[in-house]
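Structure record follows, encoded as structure tokens.
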Amino acid sequence: MGVEDIIKKHNYTKDISVFLEKTYPELVANIGNEQLIYNALMDCKIVLTDNLYTCLKGYGFLGNTKDEGLVSFETLKICSGVYHSEPEIKYEKGLNQYTLEGVNRIVAINASSLNLEIYKAALIHELGHLIKSYNNEWTIKGDTIIERSGLITRIYQLHEKNGVVTKSLWSETGVGLEEGFNAVLEDEVTSKVIGKPYFSNGYKALKEIARLVINLVPGIHEVIKEAQIYHDNTRLDSKLGQTFYDLQEITDTIYPMIVKMSDMNTPKYERHKISENVIKILNDRFKVIIDELKSVGQSSIEY
Ligand SMILES: [Zn+2]
């Protein structure tokens, strides 16, 4: 088990190979569980492209146009990279039962090479999503399928027509918090890989919230990493309780606003207005959460 197996299996270019040789040990040091990281990287191809949408299509993803809740062309245009995962689902008519046949994954980065720090950081960000999705990513329950990616939970309704299985998004939670913590991971790992402090531009407000949680509650980062990787929130629940759900709610509220703000197609005056709204929401509601976090942090020091 080592990075050379991953490079060999996917027949990576010199560029990606050199990057992985440097980054793989840093991912292991930061996230832990080398076996999981190794398996995730063995099972997912990394691709550099100048067009994420056609790239994903070319690799056979986004094929099922009836699927809702998939990454849209518009979203992909403003992305520096993407981690995409698609379950293969079979429907057995006689048993009236859906079964998971396999999972196809890809990481694609909008770059022609990894020469610049921002491209390295973008790839580290997407590898973060891949690794934190890999363990029990898709679970079928009756006629629904549940997707876990770090702290994100998505529930889809499954449909079958003429042997073709499609899914439609039913609910999505935890995206804001996950992007915040994944941005922290991106900064930490990129800094190690390039050998100097690195601060990404994406999801700044969400990243600050994640940093605040880490700083206010000693030991919480390890508990959060455990929930992100193993998709088991038991320890997180007992440590943060309702505060976790308050945090999740507020970050899920501001997440789509932040996405809209970082889209260069959004007019400047509109971006300014959204920014004011984000600040207002944080001022109105975040202070209470900070107090809750402080008191959780205080009690974890005492015991
Ligand atoms: Zn992300």
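In the structure tokens, chains take letters A, B, ... by order of appearance, with residues numbered from 1 within each chain and ligands from 1 in the order shown.
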
Excluding Lys273 (chain A) and any residue of its chain fewer than 5 positions from it, enumerate the residues within 10 Å of it, using only C-alpha atoms, and give them as a compact mmCIF listing (two decimals) with C-alpha atoms, in the first residue's frame.
# COMPACT_ATOMS: atom_id res chain seq x y z
CA MET A 261 -21.68 36.09 -4.31
CA LYS A 268 -21.74 43.85 -8.48
CA VAL A 278 -24.92 37.51 5.15

Enumerate as a list of chain:residue names the residues within 7 Å of ligand 1, counting only C-alpha atoms and all ligand atoms.
->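 With only C-alpha atoms and all ligand atoms and a cut-off of 7 Å, ligand 1 is contacted by A:His125, A:Glu126, A:His129, A:Glu179, A:Asn182.
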
Skip region 144-152 of chain A itself and residues of its chain fewer than 3 positions away, then list as a ChimeraX atom specification all residues within 7 Å of it, counting only C-alpha atoms.
-> /A:129,132-133,137-141,155-158,173-175,178,227-229,231

Could you write those residues out with C-alpha atoms, as a PDB file, in the first residue's frame?
ATOM      1  CA  HIS A 129     -14.486  15.693  -0.547  1.00  0.00           C
ATOM      2  CA  LYS A 132     -14.680  12.200   3.336  1.00  0.00           C
ATOM      3  CA  SER A 133     -17.309  10.599   1.095  1.00  0.00           C
ATOM      4  CA  GLU A 137     -21.152   6.930   0.683  1.00  0.00           C
ATOM      5  CA  TRP A 138     -24.451   5.575  -0.731  1.00  0.00           C
ATOM      6  CA  THR A 139     -27.038   3.613   1.250  1.00  0.00           C
ATOM      7  CA  ILE A 140     -30.340   2.362  -0.133  1.00  0.00           C
ATOM      8  CA  LYS A 141     -33.317   2.384   2.225  1.00  0.00           C
ATOM      9  CA  ILE A 155     -31.651  12.006   0.510  1.00  0.00           C
ATOM     10  CA  TYR A 156     -32.998  11.105  -2.936  1.00  0.00           C
ATOM     11  CA  GLN A 157     -36.238   9.488  -3.974  1.00  0.00           C
ATOM     12  CA  LEU A 158     -35.696   6.577  -6.394  1.00  0.00           C
ATOM     13  CA  THR A 173     -28.264  19.308   4.938  1.00  0.00           C
ATOM     14  CA  GLY A 174     -24.771  20.135   6.172  1.00  0.00           C
ATOM     15  CA  VAL A 175     -23.352  21.592   2.950  1.00  0.00           C
ATOM     16  CA  GLU A 178     -18.863  20.776   5.319  1.00  0.00           C
ATOM     17  CA  ALA A 227     -18.069  12.257  11.836  1.00  0.00           C
ATOM     18  CA  GLN A 228     -16.914  13.452   8.397  1.00  0.00           C
ATOM     19  CA  ILE A 229     -15.037  10.252   7.568  1.00  0.00           C
ATOM     20  CA  HIS A 231     -20.517   9.250   8.772  1.00  0.00           C
TER      21      HIS A 231
END

Point out the residue among A:Lys120, A:Thr153, A:Asp252, A:Asp246 with the least atom-to-atom distance to Gly180 (chain A), counting only C-alpha atoms.
-> A:Asp252

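Nearest-residue note for Cys44 (chain A): choosing from A:Leu56, A:Val18, A:Cys79, A:Val103, the minimum distance belongs to A:Val103, counting only C-alpha atoms.
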
Taking 4 positions as the minimum chain separation for residues in the same chain, which residues sit within 8 Å of Ile7 (chain A) when counting only C-alpha atoms? Answer as a PDB file with C-alpha atoms, in the first residue's frame.
ATOM      1  CA  VAL A   3       1.136   6.208  -3.458  1.00  0.00           C
ATOM      2  CA  ASN A  11      -1.259   5.801 -15.301  1.00  0.00           C
ATOM      3  CA  TYR A  12      -0.919   9.406 -14.102  1.00  0.00           C
ATOM      4  CA  SER A  17       2.379  11.911  -9.934  1.00  0.00           C
ATOM      5  CA  LEU A  20       0.477  12.973  -5.296  1.00  0.00           C
TER       6      LEU A  20
END
